[in-house]
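Each remark here refers to the structure printed beneath this line.
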Amino acid sequence: MRMDTVIIGGGLSGLSCGIALAKRGKRVAIVSSGQSTMLFNGGSLELLGNIDGKAVTAPLDAIVTLPQNHPYSKIGADRIASLADRAKLLLNDSGINMEGNVAANHWRITPMGVAKPAWLTLNDHLRIDDLSNLPAKRLALMSIRGYLDQPNAMLAQGLRDLGFEVDVIEFTTDDITALRRSPSEMRATSLAKRLVSKNALQRVADQINSLATQADIVLLPSVLGQNDDTDFQMLQSMVKKPLRLVATLPPSVAGMRMMTQLRHYFRMLGGNYLMGDTAVSGTFDGDRLTAITTAKLADMPLKADQFVLASGSFISRGLVADYERIYEPVLGVDVDDDSNPDSWTSFGVLQPQAYSRFGVATDDKLRCLKQGKTISNLHAIGSILSGHDAVKMGDANGVSMLTALAVVDHIMETK
Amino acid sequence: MAERMQICNLSENNFEQCTKCSICTTVCPVAAVATDYPGPKQAGPDGERYRLKDPAYFDKALKLCLNCKRCEVACPSGVHIADIIQHARMRATEGKRASLRDTMLANTDLLGTVANRVAPIANATLGLSPTKLVMHSVMAIDKHRTFPAYSRQKFTTWFKRHAAKSQDAYAHHVSYFHGCYVNYNFPKLGQDLVKLMNAVGYGVHLLDKEQCCGVALIANGLYKQAKRQGRTNIDSIRKSVNRDKRPVLTTSSSCTFNMRDEYPSMLGIENEDVRASINLATRFIYNLVDEGEIKLIFKQNYKRRLAYHTACHMQRMGWQLFSMELLRMIPGLDLVELEQNCCGISGTYGFKKENYERSQAIGATLFKDIEQAHVEAVTTDCETCKWQIEMTTGLPVENPISVLADALDVEATRQANKIK
């Protein structure tokens, strides 16, 4: 089967790339081996959160200081602002309503109650623009009885440390109580599937209205709206106080919503999303990749003019480590790492870890290398790239979307 | 040592690879509507840890699993979650007799053989309210269900009378595993395949011996019978592939998935030597067009708007792309791809009284999508999805092969492929 572009990996970077290409009339297939790490997302996207342990307030200024091997440096610091605008537009076109500004980070609140710098946050989620000028004084933190994926004591303490007054208010409704029959699966996503009808939402609203009378803002765990934000809008119209969602432990409803909307938009544009299939190998001809084989299409390889490797880092198996080496398992492209396994990790899980900066090697146009030679029609994007650090720098989502769009430009320039 | 550690890390059904991320639960259509069901993570790898210690930990709620495999498609770690659940069910029901109702529903070919002989009576009787009420209360087959109508003439009878003789004249040959649905309920789909294959120069033949693939037998716990029938089928397929050099085509995604993947994993039937030769007709035809072996010429002024529904087992095989790309070759066909959600019928599951409401609740998202797609018909590769969608939405549902056969300009196609 022949496509214009085949993308390996269906997470944030693969879908951003696929959508932008499909919009420009390309025939695109995305091969996705299962759901992505977006299901761990708390409703915000990060572009650049930290450098050397210090929070970044103005990402554009900070990007200029990044080392040459950081993906942002490879794209070109001068292009970041316009790519970031395009990324935001792409999200909005997909129906994902997010606000934020690439020139100035705002703050998101983690499920543990920690404020972290963020680039974009879903409109129905809690966002703080300025920590010295809080949007409210008193918060009602609604705690769902029997729901374990929100550590309320820590979350409340974290919010108090920021200067809020917080009342933790436990509540439940019949719809929610029914879920407790299967306590191990009482998850945010299960709640989101239950709280969809007008009646179910009204019962939640009644509880909030009668219990949270003192608050300026009511916080509800992010258990609403796995397909879009209409359930949130409906609940807000029933609740007297301003309502905001706060991130829960994964799998997250916000991440599921974003992925569902991106996938839906990609399909609407005529894209082919091969869910649950895995790329297993590639066929090369000189400096070109001509086809990839997948587990399910088997003897019918996917041929294309251009290929994009967007298969993620270790957690998504875009990179694999064994006892001796780190490698990219599908195409065997070169990896930037350290040949000495002893230096891959540092003692202490919270310390900066060398392995988190490992990734596939690319040239200045983000094209992959194989045995030192550039593969002319194979780009890498997103978390699989070397030189960035999702955990310590808070740059994962920006790297995913911005490298995707930069590569789209390269592909469109290629004849 | 290092290498050995990693080799030994492999486990049956990739059970050890589960990272407890719970992503499977987010896509489970049953967990979404049934609070009694513990969800795929708990029912699968989590529960398995207990069951390995003591089989008494088996939870009866596992029978709520549809075996739709959507958990496996979503799993980022490659765990065969549904297989773990099905194996647990299999171990728990070993040696126990299935109920009369389940046996009857599962034996689609036995039921079909009897019903074909008395089709007008069977159709009329099965459609009557008193019959439905008796079935509902005595047999526990839900009264809302309409049995798919039985054809007066079996596909095989039609084939032997009207098609068999002319097939040897073609240059290329395939065998057709028609399945119970085509044979007893809807011979037209088989006739459409013959029409299509003949137009591009392929003769179509029956297998030496075909029995029901057994997908419903597995779902209803009749494993011994499923194994027996599976062996018969694989023997016939082997003869077709090795002796006659004819690959085997099907027009049902579930029969295909069952014979390719469930035979070895659920029933222990070796099929590795012929697995690649068991192919869905749309995939086979797409490949021929893609390789430039054949040409399809379609009628001019053909105009239709259809929605494609990816059946669960189709999604598990990952082949919906072939059916859709083949349909997209028809000029004038406006094809909408529906979001991949389960219709809720899952073979015989939705026919059972205790499952009816759950079955409809599972399908609700899909039905809403279909309504909003504003199409004149739905197309899907699965016959039981067809019954469910037709019953609920009132829209006709067609197999992609029938859509293609309908849109095909037979004469022009025969000429383009130089068939006399």
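Naming works like this for the structure tokens: A, B, ... for the chains as they're shown, residue 1 at the start of each chain, ligands 1 onward in shown order.
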
Please build the interface table for chain B against chain A with a cut-off of 10 Å, listing for each qualifying residue the nearest atom pair and the distance in Å to one decimal; count only C-alpha atoms, order rows by chain and increasing number, and write it as JSON lines.
{"residue": "B:Met1", "atom": "CA", "partner": "A:Tyr323", "partner_atom": "CA", "distance": 9.8}
{"residue": "B:Ala2", "atom": "CA", "partner": "A:Tyr323", "partner_atom": "CA", "distance": 6.2}
{"residue": "B:Glu3", "atom": "CA", "partner": "A:Tyr323", "partner_atom": "CA", "distance": 8.0}
{"residue": "B:Met5", "atom": "CA", "partner": "A:Tyr323", "partner_atom": "CA", "distance": 9.7}
{"residue": "B:Gln6", "atom": "CA", "partner": "A:Asp322", "partner_atom": "CA", "distance": 8.1}
{"residue": "B:Cys21", "atom": "CA", "partner": "A:Pro251", "partner_atom": "CA", "distance": 7.0}
{"residue": "B:Ser22", "atom": "CA", "partner": "A:Pro251", "partner_atom": "CA", "distance": 6.5}
{"residue": "B:Ile23", "atom": "CA", "partner": "A:Pro251", "partner_atom": "CA", "distance": 6.2}
{"residue": "B:Cys24", "atom": "CA", "partner": "A:Gln35", "partner_atom": "CA", "distance": 8.9}
{"residue": "B:Thr25", "atom": "CA", "partner": "A:Glu185", "partner_atom": "CA", "distance": 7.4}
{"residue": "B:Thr26", "atom": "CA", "partner": "A:Thr189", "partner_atom": "CA", "distance": 5.8}
{"residue": "B:Val27", "atom": "CA", "partner": "A:Thr189", "partner_atom": "CA", "distance": 9.1}
{"residue": "B:Cys28", "atom": "CA", "partner": "A:Ser190", "partner_atom": "CA", "distance": 9.8}
{"residue": "B:Ala31", "atom": "CA", "partner": "A:Ser190", "partner_atom": "CA", "distance": 7.7}
{"residue": "B:Ala32", "atom": "CA", "partner": "A:Lys193", "partner_atom": "CA", "distance": 6.1}
{"residue": "B:Val33", "atom": "CA", "partner": "A:Arg194", "partner_atom": "CA", "distance": 7.8}
{"residue": "B:Ala34", "atom": "CA", "partner": "A:Leu179", "partner_atom": "CA", "distance": 8.8}
{"residue": "B:Thr35", "atom": "CA", "partner": "A:Leu179", "partner_atom": "CA", "distance": 5.6}
{"residue": "B:Asp36", "atom": "CA", "partner": "A:Arg181", "partner_atom": "CA", "distance": 6.5}
{"residue": "B:Tyr37", "atom": "CA", "partner": "A:Ser182", "partner_atom": "CA", "distance": 7.1}
{"residue": "B:Pro38", "atom": "CA", "partner": "A:Ser182", "partner_atom": "CA", "distance": 5.4}
{"residue": "B:Gly39", "atom": "CA", "partner": "A:Glu185", "partner_atom": "CA", "distance": 6.5}
{"residue": "B:Pro40", "atom": "CA", "partner": "A:Glu185", "partner_atom": "CA", "distance": 9.2}
{"residue": "B:Lys41", "atom": "CA", "partner": "A:Glu185", "partner_atom": "CA", "distance": 8.3}
{"residue": "B:Gln42", "atom": "CA", "partner": "A:Ser184", "partner_atom": "CA", "distance": 7.2}
{"residue": "B:Arg70", "atom": "CA", "partner": "A:Gly276", "partner_atom": "CA", "distance": 8.9}
{"residue": "B:Cys71", "atom": "CA", "partner": "A:Gly34", "partner_atom": "CA", "distance": 9.1}
{"residue": "B:Glu72", "atom": "CA", "partner": "A:Gly276", "partner_atom": "CA", "distance": 7.6}
{"residue": "B:Val73", "atom": "CA", "partner": "A:Gly276", "partner_atom": "CA", "distance": 4.3}
{"residue": "B:Ala74", "atom": "CA", "partner": "A:Gly34", "partner_atom": "CA", "distance": 4.2}
{"residue": "B:Cys75", "atom": "CA", "partner": "A:Gly34", "partner_atom": "CA", "distance": 5.0}
{"residue": "B:Pro76", "atom": "CA", "partner": "A:Gly34", "partner_atom": "CA", "distance": 4.4}
{"residue": "B:Ser77", "atom": "CA", "partner": "A:Gly34", "partner_atom": "CA", "distance": 7.7}
{"residue": "B:Gly78", "atom": "CA", "partner": "A:Gly34", "partner_atom": "CA", "distance": 8.0}
{"residue": "B:Ala276", "atom": "CA", "partner": "A:Asp299", "partner_atom": "CA", "distance": 8.5}
{"residue": "B:Arg283", "atom": "CA", "partner": "A:Met300", "partner_atom": "CA", "distance": 9.5}
{"residue": "B:Tyr286", "atom": "CA", "partner": "A:Met1", "partner_atom": "CA", "distance": 8.7}
{"residue": "B:Asn287", "atom": "CA", "partner": "A:Met300", "partner_atom": "CA", "distance": 7.6}
{"residue": "B:Val289", "atom": "CA", "partner": "A:Met1", "partner_atom": "CA", "distance": 10.0}
{"residue": "B:Asp290", "atom": "CA", "partner": "A:Met1", "partner_atom": "CA", "distance": 6.6}
{"residue": "B:Glu291", "atom": "CA", "partner": "A:Met1", "partner_atom": "CA", "distance": 8.9}
{"residue": "B:Gln315", "atom": "CA", "partner": "A:Met275", "partner_atom": "CA", "distance": 7.6}
{"residue": "B:Arg316", "atom": "CA", "partner": "A:Gly276", "partner_atom": "CA", "distance": 7.3}
{"residue": "B:Met317", "atom": "CA", "partner": "A:Lys296", "partner_atom": "CA", "distance": 6.2}
{"residue": "B:Gly318", "atom": "CA", "partner": "A:Lys296", "partner_atom": "CA", "distance": 5.8}
{"residue": "B:Trp319", "atom": "CA", "partner": "A:Leu297", "partner_atom": "CA", "distance": 7.0}
{"residue": "B:Gln320", "atom": "CA", "partner": "A:Leu274", "partner_atom": "CA", "distance": 8.6}
{"residue": "B:Leu321", "atom": "CA", "partner": "A:Asn272", "partner_atom": "CA", "distance": 7.2}
{"residue": "B:Phe322", "atom": "CA", "partner": "A:Met1", "partner_atom": "CA", "distance": 8.8}
{"residue": "B:Met324", "atom": "CA", "partner": "A:Asn272", "partner_atom": "CA", "distance": 9.5}
{"residue": "B:Glu325", "atom": "CA", "partner": "A:Met1", "partner_atom": "CA", "distance": 9.3}
{"residue": "B:Leu335", "atom": "CA", "partner": "A:Gly270", "partner_atom": "CA", "distance": 9.8}
{"residue": "B:Val336", "atom": "CA", "partner": "A:Met268", "partner_atom": "CA", "distance": 8.1}
{"residue": "B:Glu337", "atom": "CA", "partner": "A:Arg267", "partner_atom": "CA", "distance": 7.2}
{"residue": "B:Leu338", "atom": "CA", "partner": "A:Arg267", "partner_atom": "CA", "distance": 8.9}
{"residue": "B:Glu339", "atom": "CA", "partner": "A:His264", "partner_atom": "CA", "distance": 7.2}
{"residue": "B:Gln340", "atom": "CA", "partner": "A:Met275", "partner_atom": "CA", "distance": 9.6}

In range 1-248 of chain A, what's helix (DSSP H, G or I) per DSSP? Answer as a VMD selection string?
-> chain A and resid 12 to 23 37 to 40 59 to 63 71 to 75 77 to 93 152 to 162 174 to 179 183 to 185 188 to 194 198 to 211 230 to 238

Written selection (C-alpha atoms) as an mmCIF file, in the first residue's frame:
data_model
loop_
_atom_site.group_PDB
_atom_site.id
_atom_site.type_symbol
_atom_site.label_atom_id
_atom_site.label_comp_id
_atom_site.auth_asym_id
_atom_site.auth_seq_id
_atom_site.Cartn_x
_atom_site.Cartn_y
_atom_site.Cartn_z
ATOM 1 C CA LEU A 12 0.984 13.907 20.218
ATOM 2 C CA SER A 13 3.904 14.312 17.799
ATOM 3 C CA GLY A 14 2.716 11.724 15.254
ATOM 4 C CA LEU A 15 -0.830 13.085 15.201
ATOM 5 C CA SER A 16 0.303 16.727 14.977
ATOM 6 C CA CYS A 17 2.493 15.818 12.024
ATOM 7 C CA GLY A 18 -0.227 13.694 10.410
ATOM 8 C CA ILE A 19 -2.898 16.367 10.780
ATOM 9 C CA ALA A 20 -0.698 19.119 9.337
ATOM 10 C CA LEU A 21 0.255 16.942 6.348
ATOM 11 C CA ALA A 22 -3.292 15.712 5.708
ATOM 12 C CA LYS A 23 -4.464 19.321 5.799
ATOM 13 C CA THR A 37 1.678 8.611 27.005
ATOM 14 C CA MET A 38 -0.834 11.422 26.457
ATOM 15 C CA LEU A 39 -3.085 9.368 28.753
ATOM 16 C CA PHE A 40 -0.766 10.510 31.534
ATOM 17 C CA PRO A 59 10.354 30.376 27.212
ATOM 18 C CA LEU A 60 11.349 32.357 24.119
ATOM 19 C CA ASP A 61 14.169 34.091 25.996
ATOM 20 C CA ALA A 62 15.322 30.847 27.587
ATOM 21 C CA ILE A 63 15.384 28.854 24.353
ATOM 22 C CA PRO A 71 15.702 19.956 19.321
ATOM 23 C CA TYR A 72 14.629 23.617 19.698
ATOM 24 C CA SER A 73 18.121 24.738 18.697
ATOM 25 C CA LYS A 74 17.982 22.442 15.665
ATOM 26 C CA ILE A 75 14.649 23.928 14.581
ATOM 27 C CA ALA A 77 15.184 29.597 18.128
ATOM 28 C CA ASP A 78 13.801 32.267 15.792
ATOM 29 C CA ARG A 79 11.132 29.868 14.480
ATOM 30 C CA ILE A 80 9.786 28.767 17.856
ATOM 31 C CA ALA A 81 7.218 31.556 18.301
ATOM 32 C CA SER A 82 5.554 31.033 14.937
ATOM 33 C CA LEU A 83 5.614 27.217 15.242
ATOM 34 C CA ALA A 84 4.065 27.507 18.698
ATOM 35 C CA ASP A 85 1.260 29.654 17.293
ATOM 36 C CA ARG A 86 0.627 27.112 14.566
ATOM 37 C CA ALA A 87 0.587 24.315 17.133
ATOM 38 C CA LYS A 88 -2.025 26.142 19.187
ATOM 39 C CA LEU A 89 -4.100 26.708 16.064
ATOM 40 C CA LEU A 90 -3.879 23.015 15.171
ATOM 41 C CA LEU A 91 -5.192 22.113 18.625
ATOM 42 C CA ASN A 92 -8.037 24.601 18.334
ATOM 43 C CA ASP A 93 -8.913 23.305 14.862
ATOM 44 C CA ASN A 152 -6.531 15.165 48.392
ATOM 45 C CA ALA A 153 -4.471 15.805 51.498
ATOM 46 C CA MET A 154 -1.380 16.520 49.427
ATOM 47 C CA LEU A 155 -3.287 18.475 46.825
ATOM 48 C CA ALA A 156 -4.976 20.648 49.460
ATOM 49 C CA GLN A 157 -1.669 21.241 51.253
ATOM 50 C CA GLY A 158 -0.004 22.213 48.004
ATOM 51 C CA LEU A 159 -2.754 24.717 47.250
ATOM 52 C CA ARG A 160 -2.528 26.132 50.786
ATOM 53 C CA ASP A 161 1.229 26.533 50.368
ATOM 54 C CA LEU A 162 0.483 28.681 47.318
ATOM 55 C CA ASP A 174 -25.975 7.499 43.191
ATOM 56 C CA ASP A 175 -24.258 7.321 39.803
ATOM 57 C CA ILE A 176 -20.846 7.532 41.437
ATOM 58 C CA THR A 177 -21.676 5.114 44.239
ATOM 59 C CA ALA A 178 -22.647 2.485 41.656
ATOM 60 C CA LEU A 179 -19.046 2.500 40.416
ATOM 61 C CA PRO A 183 -13.324 -0.445 43.448
ATOM 62 C CA SER A 184 -10.113 -1.242 41.601
ATOM 63 C CA GLU A 185 -11.526 0.236 38.397
ATOM 64 C CA ALA A 188 -11.301 9.113 36.298
ATOM 65 C CA THR A 189 -12.127 7.674 32.893
ATOM 66 C CA SER A 190 -14.848 5.409 34.351
ATOM 67 C CA LEU A 191 -16.375 8.406 36.139
ATOM 68 C CA ALA A 192 -16.280 10.401 32.918
ATOM 69 C CA LYS A 193 -18.287 7.708 31.151
ATOM 70 C CA ARG A 194 -20.879 7.738 33.938
ATOM 71 C CA LYS A 198 -28.085 15.796 32.146
ATOM 72 C CA ASN A 199 -29.569 14.059 35.178
ATOM 73 C CA ALA A 200 -26.254 12.646 36.357
ATOM 74 C CA LEU A 201 -24.629 16.069 36.053
ATOM 75 C CA GLN A 202 -27.558 17.741 37.833
ATOM 76 C CA ARG A 203 -27.070 15.395 40.785
ATOM 77 C CA VAL A 204 -23.395 16.442 40.974
ATOM 78 C CA ALA A 205 -24.381 20.103 40.670
ATOM 79 C CA ASP A 206 -26.922 19.753 43.494
ATOM 80 C CA GLN A 207 -24.221 18.379 45.773
ATOM 81 C CA ILE A 208 -21.773 21.152 44.882
ATOM 82 C CA ASN A 209 -24.396 23.879 45.270
ATOM 83 C CA SER A 210 -25.444 22.674 48.699
ATOM 84 C CA LEU A 211 -21.955 21.927 50.055
ATOM 85 C CA THR A 230 -19.592 19.882 26.633
ATOM 86 C CA ASP A 231 -20.162 17.913 29.859
ATOM 87 C CA PHE A 232 -18.101 20.500 31.722
ATOM 88 C CA GLN A 233 -20.055 23.351 30.133
ATOM 89 C CA MET A 234 -23.329 21.729 31.109
ATOM 90 C CA LEU A 235 -22.207 21.217 34.707
ATOM 91 C CA GLN A 236 -20.907 24.787 34.907
ATOM 92 C CA SER A 237 -24.302 26.063 33.787
ATOM 93 C CA MET A 238 -25.879 24.174 36.712
#

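Neighbours of Ile419 in chain B closer than or equal to 12 Å, with only C-alpha atoms counted and sequence neighbours fewer than 2 positions away skipped, come out as B:Ala169, B:Tyr170, B:Ala171, B:His172, B:Met197, B:Asn198, B:Ala199, B:Val200, B:Gly201, B:Tyr202, B:Gly203, B:Ile294, B:Lys295, B:Val410, B:Glu411, B:Ala412, B:Thr413, B:Arg414, B:Gln415, B:Ala416, B:Asn417.
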
Writer output for current selection, C-alpha atoms, as a PDB file, in the first residue's frame:
ATOM      1  CA  ALA B 169     -12.448 -21.796 -17.086  1.00  0.00           C
ATOM      2  CA  TYR B 170     -10.640 -18.964 -15.273  1.00  0.00           C
ATOM      3  CA  ALA B 171      -6.874 -18.561 -15.203  1.00  0.00           C
ATOM      4  CA  HIS B 172      -6.574 -18.033 -11.450  1.00  0.00           C
ATOM      5  CA  MET B 197     -13.809 -12.463  -8.581  1.00  0.00           C
ATOM      6  CA  ASN B 198     -15.027 -13.826 -11.927  1.00  0.00           C
ATOM      7  CA  ALA B 199     -14.969 -10.331 -13.410  1.00  0.00           C
ATOM      8  CA  VAL B 200     -11.236 -10.048 -12.668  1.00  0.00           C
ATOM      9  CA  GLY B 201     -10.382 -13.540 -13.873  1.00  0.00           C
ATOM     10  CA  TYR B 202     -10.515 -15.623 -10.704  1.00  0.00           C
ATOM     11  CA  GLY B 203     -12.509 -18.834 -10.417  1.00  0.00           C
ATOM     12  CA  ILE B 294      -6.156  -6.629 -11.905  1.00  0.00           C
ATOM     13  CA  LYS B 295      -8.242  -3.577 -12.746  1.00  0.00           C
ATOM     14  CA  VAL B 410     -18.919  -6.013 -14.853  1.00  0.00           C
ATOM     15  CA  GLU B 411     -18.573  -5.903 -18.634  1.00  0.00           C
ATOM     16  CA  ALA B 412     -15.997  -3.112 -18.617  1.00  0.00           C
ATOM     17  CA  THR B 413     -14.054  -4.840 -15.845  1.00  0.00           C
ATOM     18  CA  ARG B 414     -14.022  -8.153 -17.728  1.00  0.00           C
ATOM     19  CA  GLN B 415     -12.744  -6.352 -20.813  1.00  0.00           C
ATOM     20  CA  ALA B 416     -10.105  -4.429 -18.869  1.00  0.00           C
ATOM     21  CA  ASN B 417      -8.827  -7.712 -17.434  1.00  0.00           C
TER      22      ASN B 417
END

With only C-alpha atoms as the basis for distance, which of A:Ala104, A:Met259, A:Leu269, A:Val330 is at the shortest distance from Gly11 in chain A?
-> A:Met259

If we count only C-alpha atoms, what is near Tyr349 in chain B at a cut-off of 10 Å, once residues fewer than 3 positions away on the same chain are taken out, given as a PyMOL selection string?
-> chain B and resi 63-67+102+105+141+216+219-220+344-346+352-356+358-359

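Within range 239-373 of chain B, DSSP run on the backbone puts these residues in strand (DSSP E or B): Val248, Leu249, Thr250, Ile278, Asn279, Leu280, Phe298, Arg304, Arg305, Leu306, Ala307, Tyr308, Leu333, Asp334, Leu335, Val336, Glu337 and Lys352 of chain B.
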
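Minimum atom-to-atom distances from A:Gly387, A:Gly10, A:Gly372, A:Gly312 to Val28 in chain A were compared using only C-alpha atoms, and the lowest value belongs to A:Gly10.
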
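As for CA of Ser323 in chain B and CA of Thr380 in chain B, they are spaced 8.6 Å apart.
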
Would you pick out the contacts of Ser222 in chain A at 9 Å or less, using only C-alpha atoms, so that residues sharing its chain but fewer than 2 positions from it are not included, and give the list as a PDB file with N, CA and C atoms, in the first residue's frame?
ATOM      1  N   GLY A  42      -2.072  15.834  32.268  1.00  0.00           N
ATOM      2  CA  GLY A  42      -3.015  16.434  33.213  1.00  0.00           C
ATOM      3  C   GLY A  42      -3.800  17.610  32.676  1.00  0.00           C
ATOM      4  N   GLY A  43      -3.868  17.772  31.385  1.00  0.00           N
ATOM      5  CA  GLY A  43      -4.683  18.853  30.830  1.00  0.00           C
ATOM      6  C   GLY A  43      -3.887  20.084  30.437  1.00  0.00           C
ATOM      7  N   HIS A 125      -9.715  23.633  32.830  1.00  0.00           N
ATOM      8  CA  HIS A 125      -8.830  23.208  33.913  1.00  0.00           C
ATOM      9  C   HIS A 125      -8.247  24.420  34.645  1.00  0.00           C
ATOM     10  N   ALA A 188     -10.785   7.862  36.870  1.00  0.00           N
ATOM     11  CA  ALA A 188     -11.301   9.113  36.298  1.00  0.00           C
ATOM     12  C   ALA A 188     -12.061   8.828  35.006  1.00  0.00           C
ATOM     13  N   ALA A 192     -15.925   9.549  34.055  1.00  0.00           N
ATOM     14  CA  ALA A 192     -16.280  10.401  32.918  1.00  0.00           C
ATOM     15  C   ALA A 192     -17.331   9.747  32.031  1.00  0.00           C
ATOM     16  N   LEU A 219     -13.296  23.448  42.831  1.00  0.00           N
ATOM     17  CA  LEU A 219     -12.413  22.548  42.080  1.00  0.00           C
ATOM     18  C   LEU A 219     -12.986  21.140  42.095  1.00  0.00           C
ATOM     19  N   LEU A 220     -13.043  20.540  40.916  1.00  0.00           N
ATOM     20  CA  LEU A 220     -13.533  19.169  40.792  1.00  0.00           C
ATOM     21  C   LEU A 220     -12.421  18.364  40.137  1.00  0.00           C
ATOM     22  N   LEU A 224     -14.498  14.733  33.894  1.00  0.00           N
ATOM     23  CA  LEU A 224     -15.589  15.103  32.982  1.00  0.00           C
ATOM     24  C   LEU A 224     -15.090  15.247  31.558  1.00  0.00           C
ATOM     25  N   GLY A 225     -15.859  14.686  30.629  1.00  0.00           N
ATOM     26  CA  GLY A 225     -15.643  15.015  29.229  1.00  0.00           C
ATOM     27  C   GLY A 225     -14.518  14.273  28.562  1.00  0.00           C
ATOM     28  N   ARG A 244     -13.672  24.759  38.129  1.00  0.00           N
ATOM     29  CA  ARG A 244     -12.468  24.391  37.382  1.00  0.00           C
ATOM     30  C   ARG A 244     -12.127  22.928  37.682  1.00  0.00           C
ATOM     31  N   LEU A 245     -11.521  22.260  36.714  1.00  0.00           N
ATOM     32  CA  LEU A 245     -11.088  20.878  36.919  1.00  0.00           C
ATOM     33  C   LEU A 245      -9.628  20.860  37.349  1.00  0.00           C
ATOM     34  N   VAL A 246      -9.256  19.890  38.183  1.00  0.00           N
ATOM     35  CA  VAL A 246      -7.841  19.716  38.539  1.00  0.00           C
ATOM     36  C   VAL A 246      -7.368  18.324  38.131  1.00  0.00           C
ATOM     37  N   ALA A 247      -6.120  18.261  37.720  1.00  0.00           N
ATOM     38  CA  ALA A 247      -5.555  17.007  37.199  1.00  0.00           C
ATOM     39  C   ALA A 247      -5.656  15.893  38.230  1.00  0.00           C
ATOM     40  N   THR A 248      -5.890  14.656  37.729  1.00  0.00           N
ATOM     41  CA  THR A 248      -5.910  13.470  38.577  1.00  0.00           C
ATOM     42  C   THR A 248      -4.717  12.596  38.193  1.00  0.00           C
ATOM     43  N   SER A 252      -5.685   9.713  32.424  1.00  0.00           N
ATOM     44  CA  SER A 252      -6.382  10.969  32.609  1.00  0.00           C
ATOM     45  C   SER A 252      -7.453  11.197  31.555  1.00  0.00           C
ATOM     46  N   VAL A 253      -8.546  11.793  32.004  1.00  0.00           N
ATOM     47  CA  VAL A 253      -9.642  12.126  31.093  1.00  0.00           C
ATOM     48  C   VAL A 253      -9.184  13.202  30.107  1.00  0.00           C
ATOM     49  N   ALA A 254      -8.410  14.170  30.620  1.00  0.00           N
ATOM     50  CA  ALA A 254      -7.956  15.261  29.751  1.00  0.00           C
ATOM     51  C   ALA A 254      -7.104  14.721  28.606  1.00  0.00           C
TER      52      ALA A 254
END
